[in-house]
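Engineer: Once you've had a glance at the structure underneath, I'll fire off some questions.
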Amino acid sequence: MASSLSSLPPQPTVTRPLHRCYSQFSTLPSWRMLISAQDLIFPYQPLICSSALPPGKFRLPLQVKCNAQTLVSSDISQGTPVRPTNVLVVGATGTLGRQIVRKALDEGYDVRCLVRPRPAPADFLRDWGAIVVNGDLSKPETIPATLVGVHTIIDCATGRPEEPIRKVDWEGKVALIQCAKAMGIQKYVFYSIHNCDKHPEVPLMEIKYCTEKFLQDSGLNHIIIRLCGFMQGLIGQYAVPILEEKSVWGTDAPTRIAYMDTQDIARLTLIAMRNEKVDRKLLTFAGPRAWTTQEVITLCERLAGQDANVTTVPVSVLKLTRQLTRLFQWTNDVADRLAFSEVLSSDIVFSAPMNDTYSLIGVDSKDIITLEKYLQDYFTNILKKLKDLKAQSKQTDIYF
């Protein structure tokens with residue numbers, strides 16, 4: 001270990017306290033990240049991280065030389081302040097990101113979307129009225145130009161399933177925060193995971209927690225929002241398979257999750273952004289009630305009017321699968337995502353009291369949709385469409 005450290009360039013002397021994020025990835029070496037506001041001075045200073053992905057030491061490749069000093073808002077350099085309505089949404093094509101974009105546009109914001117170069121362009125964002133710019137968090141040199149003229153960054157990005165978790169969710173986010181700091185971004189909204197500080201054994205949750213700390217140390221004006229779960233995710237996981245009479249996969253875990261509609265999350269986020277009392281605070285957004293997997297399936301069965309073909313996977317099987325996938329380097333990413341099996345077996349409730357949050361941002365709890373109402377609206381609409389299609393099919397039948 002000493003020889004690997006000796007090959008790295010000397011580190012700057014740090015004279016202020018450091019946040020230390022510890023993560024024990026099962027039997028692998030702990031992941032310790034030394035982060036401080038001093039690391040945010042341009043040109044980038046290298047960060048030393050002890051990571052279990054892969055095991056050993058690595059240095060974050062943030063040698064961007066981001067030209068931030070010359071790019072720092074030409075508008076500002078000429079005396080024209082950046083308008084608070086100029087926002088950049090990172091992760092705009094995702095489940096939450098697209099709702100953020102749509103709601104912001106509806107409320108009169110000038111929305112710019114950071115999207116990776118892709119074969120199928122995100123034309124729907126342009127059709128809505130957003131500006132799409134190409135950039136990639138895994139390539140830090142592409143970030144600075146996308147931030148010119150931006151007042152607020154809304155960061156709802158996460159890595160793709162096939163990518164190493166640390167590539168986007170740690171290295172990319174650190175680069176984005178550093179660029180935002182250097183270029184004078186006025187506010188940074190970051191979405192995290194509820195209880196991420198309580199589960200260092202889960203790589204993504206530990207990375208989210210460390211990113212929270214990094215953002216808090218950066219000096220940026222920020223809002224951190226921890227989320228429990230999206231209602232939208234339940235459609236593909238449970239509602240559609242039940243309607244199509246396919247297998248529904250569930251677990252025997254007692255874990256309860258307070259799902260929230262992403263449209264409500266988007267609305268509450270924009271309200272919080274406009275409220276100075278929320279600046280530099282950590283909020284948790286949770287739905288009105290926490291549900292187990294079996295309760296969600298039962299609700300879908302009742303609304304669909306048919307039974308589900310449920311295949312139950314014991315949590316112990318998921319944990320065993322995770323241990324097996326950790327034996328091979330090429331399956332490490334799969335093992336990291338299966339680490340959530342540790343959370344499922346912990347009998348934890350992913351929920352939080354919302355009364356203080358509603359009071360702080362001035363929202364009535366009655367305006368938040370419940371899971372029953374959300375799924376009822378979905379099944380009512382889809383069953384009506386299926387009935388109409390069936391009626392049309394009968395009208396076009398030809399008998400000889």
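Labels used: A, B, ... for chains in the order of the structure tokens, numbers from 1 for residues in each chain, and numbers from 1 for ligands as shown.
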Would you return as a PyMOL selection string the members of stretch 185-326 of chain A that DSSP assigns to alpha helix (DSSP H) on this structure's backbone?
Structural biologist: chain A and resi 203-218+232-234+240-243+262-273+293-304+315-325
Engineer: Skipping near chain neighbours, those fewer than 4 positions away, what residues fall within 12 Å of A:Val87 using only C-alpha atoms, listed as JSON, numbers by chain?
Structural biologist: {"A": [82, 83, 92, 100, 101, 104, 105, 108, 109, 110, 111, 112, 113, 114, 130, 131, 132, 146, 147, 148, 149, 150, 151, 152, 153, 154, 155, 185, 186, 187, 188, 189, 270, 273]}
Engineer: Restrict the selected residues to C-alpha atoms and save them as a tab-separated table (two decimals), in the first residue's frame.
Structural biologist:
chain	number	residue	atom	x	y	z
A	82	VAL	CA	-27.62	35.48	-14.09
A	83	ARG	CA	-31.37	35.26	-13.57
A	92	ALA	CA	-33.13	15.18	-17.21
A	100	ILE	CA	-38.43	18.39	-12.82
A	101	VAL	CA	-37.98	19.70	-16.37
A	104	ALA	CA	-39.99	24.01	-14.14
A	105	LEU	CA	-41.00	24.87	-17.70
A	108	GLY	CA	-41.68	29.82	-16.32
A	109	TYR	CA	-38.10	28.70	-15.71
A	110	ASP	CA	-35.53	28.73	-18.49
A	111	VAL	CA	-34.48	25.08	-18.39
A	112	ARG	CA	-31.25	23.67	-19.75
A	113	CYS	CA	-30.77	19.90	-19.70
A	114	LEU	CA	-27.39	18.20	-19.46
A	130	ALA	CA	-36.03	22.99	-22.83
A	131	ILE	CA	-32.52	23.57	-24.20
A	132	VAL	CA	-30.48	20.36	-24.47
A	146	THR	CA	-22.59	23.64	-19.88
A	147	LEU	CA	-22.66	25.80	-16.72
A	148	VAL	CA	-22.21	29.22	-18.32
A	149	GLY	CA	-25.21	31.42	-17.55
A	150	VAL	CA	-26.69	28.96	-15.05
A	151	HIS	CA	-28.01	30.11	-11.67
A	152	THR	CA	-29.14	26.78	-10.14
A	153	ILE	CA	-28.14	23.17	-10.75
A	154	ILE	CA	-30.75	20.48	-10.03
A	155	ASP	CA	-28.85	17.22	-9.83
A	185	ILE	CA	-23.25	28.74	-9.40
A	186	GLN	CA	-25.70	30.27	-6.93
A	187	LYS	CA	-27.52	27.13	-5.77
A	188	TYR	CA	-27.06	23.37	-6.04
A	189	VAL	CA	-29.95	20.96	-5.42
A	270	LEU	CA	-39.24	24.16	-6.93
A	273	MET	CA	-35.70	26.47	-4.25
Engineer: I'd like the interatomic distance between atom CA of A:Ile271 and atom CA of A:Val133, to a tenth of an Å.
Structural biologist: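 Pair atom CA of A:Ile271 / atom CA of A:Val133 returns 25.3 Å.
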Engineer: Within 6 Å of A:Gly287, counting only C-alpha atoms, which residues show up once you throw out same-chain ones fewer than 5 positions away? Write them as a PyMOL selection string, please.
Structural biologist: chain A and resi 258-260
Engineer: Output C-alpha atoms of each residue in that selection to a file, as a compact mmCIF listing (two decimals), in the first residue's frame.
Structural biologist:
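As a result, again-v5.txt now contains:
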# COMPACT_ATOMS: atom_id res chain seq x y z
CA ALA A 258 -43.07 5.65 1.78
CA TYR A 259 -43.33 6.09 -1.98
CA MET A 260 -43.92 9.58 -3.42
Engineer: Pull the strand (DSSP E) assignments for stretch 106-346 of chain A out of DSSP run on the backbone, and list those residues as a VMD selection string.
Structural biologist: chain A and resid 110 to 115 131 to 134 152 to 155 187 to 193 222 to 227 247 to 251 256 to 257 281 to 285 309 to 313
Engineer: Find the distance between atom CA of A:Leu125 and atom CA of A:Gly91 and write it in Å to one decimal.
Structural biologist: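 So the two atoms, atom CA of A:Leu125 and atom CA of A:Gly91, lie 11.7 Å apart.
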Engineer: Mind checking which residues fall within 9 Å of A:Ile257, counting only C-alpha atoms, ignoring those fewer than 3 positions away in the same chain, and posting them as a PyMOL selection string?
Structural biologist: chain A and resi 228-229+286-287+289-293+348-351
Engineer: Give me the residues near A:Glu244 as a PyMOL selection string, where near means some atom within 12 Å (using only C-alpha atoms) and where sequence neighbours in that chain fewer than 6 positions away do not count.
Structural biologist: chain A and resi 236-238+304+306-309+382-383+386
Engineer: Just write the chosen residues, all heavy atoms, as a short mmCIF file (atom, residue, chain, number, x, y, z; two decimals), in the first residue's frame.
Structural biologist:
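Okay, this is what ended up in selection_21.cif:
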data_model
loop_
_atom_site.label_atom_id
_atom_site.label_comp_id
_atom_site.auth_asym_id
_atom_site.auth_seq_id
_atom_site.Cartn_x
_atom_site.Cartn_y
_atom_site.Cartn_z
N GLY A 236 -44.11 -0.45 -13.58
CA GLY A 236 -43.44 -1.52 -14.32
C GLY A 236 -43.13 -2.74 -13.47
O GLY A 236 -43.04 -3.86 -14.00
N GLN A 237 -42.96 -2.52 -12.17
CA GLN A 237 -42.58 -3.62 -11.30
C GLN A 237 -43.76 -4.51 -10.91
O GLN A 237 -43.62 -5.73 -10.80
CB GLN A 237 -41.91 -3.06 -10.04
CG GLN A 237 -41.22 -4.10 -9.20
CD GLN A 237 -40.38 -3.46 -8.10
OE1 GLN A 237 -40.34 -2.25 -7.96
NE2 GLN A 237 -39.72 -4.30 -7.32
N TYR A 238 -44.93 -3.89 -10.72
CA TYR A 238 -46.08 -4.66 -10.23
C TYR A 238 -47.33 -4.50 -11.11
O TYR A 238 -47.95 -5.50 -11.49
CB TYR A 238 -46.43 -4.23 -8.80
CG TYR A 238 -45.30 -4.41 -7.83
CD1 TYR A 238 -44.72 -3.31 -7.19
CD2 TYR A 238 -44.78 -5.67 -7.55
CE1 TYR A 238 -43.67 -3.47 -6.31
CE2 TYR A 238 -43.72 -5.85 -6.67
CZ TYR A 238 -43.17 -4.73 -6.05
OH TYR A 238 -42.13 -4.89 -5.19
N ALA A 304 -56.76 -4.00 -9.96
CA ALA A 304 -56.79 -4.64 -11.28
C ALA A 304 -57.93 -5.64 -11.40
O ALA A 304 -58.31 -6.02 -12.52
CB ALA A 304 -55.46 -5.32 -11.55
N GLN A 306 -57.81 -8.75 -10.44
CA GLN A 306 -57.30 -10.09 -10.73
C GLN A 306 -56.11 -10.38 -9.82
O GLN A 306 -55.44 -9.48 -9.32
CB GLN A 306 -56.88 -10.20 -12.20
CG GLN A 306 -55.81 -9.22 -12.65
CD GLN A 306 -55.65 -9.21 -14.16
OE1 GLN A 306 -56.52 -8.75 -14.89
NE2 GLN A 306 -54.52 -9.72 -14.64
N ASP A 307 -55.85 -11.66 -9.64
CA ASP A 307 -54.76 -12.09 -8.76
C ASP A 307 -53.42 -12.00 -9.48
O ASP A 307 -53.34 -12.13 -10.71
CB ASP A 307 -54.99 -13.52 -8.28
CG ASP A 307 -56.20 -13.63 -7.37
OD1 ASP A 307 -56.56 -12.62 -6.75
OD2 ASP A 307 -56.79 -14.73 -7.30
N ALA A 308 -52.38 -11.80 -8.69
CA ALA A 308 -51.03 -11.74 -9.23
C ALA A 308 -50.36 -13.10 -9.13
O ALA A 308 -50.60 -13.86 -8.20
CB ALA A 308 -50.21 -10.69 -8.47
N ASN A 309 -49.52 -13.39 -10.11
CA ASN A 309 -48.70 -14.59 -10.08
C ASN A 309 -47.37 -14.21 -9.40
O ASN A 309 -46.43 -13.78 -10.05
CB ASN A 309 -48.46 -15.11 -11.49
CG ASN A 309 -47.60 -16.35 -11.52
OD1 ASN A 309 -47.44 -17.03 -10.51
ND2 ASN A 309 -47.01 -16.64 -12.67
N ILE A 382 -56.02 2.83 -17.50
CA ILE A 382 -55.55 1.76 -18.37
C ILE A 382 -56.65 0.76 -18.65
O ILE A 382 -56.77 0.23 -19.78
CB ILE A 382 -54.30 1.06 -17.75
CG1 ILE A 382 -53.55 0.28 -18.83
CG2 ILE A 382 -54.68 0.16 -16.61
CD1 ILE A 382 -52.83 1.15 -19.82
N LEU A 383 -57.48 0.45 -17.66
CA LEU A 383 -58.57 -0.49 -17.88
C LEU A 383 -59.62 0.08 -18.83
O LEU A 383 -60.22 -0.65 -19.63
CB LEU A 383 -59.22 -0.89 -16.55
CG LEU A 383 -58.35 -1.74 -15.62
CD1 LEU A 383 -59.03 -1.96 -14.26
CD2 LEU A 383 -58.03 -3.08 -16.27
N LEU A 386 -58.17 -0.31 -22.28
CA LEU A 386 -58.25 -1.70 -22.72
C LEU A 386 -59.68 -2.06 -23.12
O LEU A 386 -59.90 -2.78 -24.10
CB LEU A 386 -57.77 -2.62 -21.59
CG LEU A 386 -56.27 -2.58 -21.27
CD1 LEU A 386 -55.95 -3.43 -20.05
CD2 LEU A 386 -55.44 -3.04 -22.47
#
Engineer: Smallest atom-to-atom distance to A:Val248: which of A:Gln178, A:Thr311, A:Thr158, A:Thr85, using only C-alpha atoms?
Structural biologist: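 Closest to A:Val248, using only C-alpha atoms: A:Thr311.
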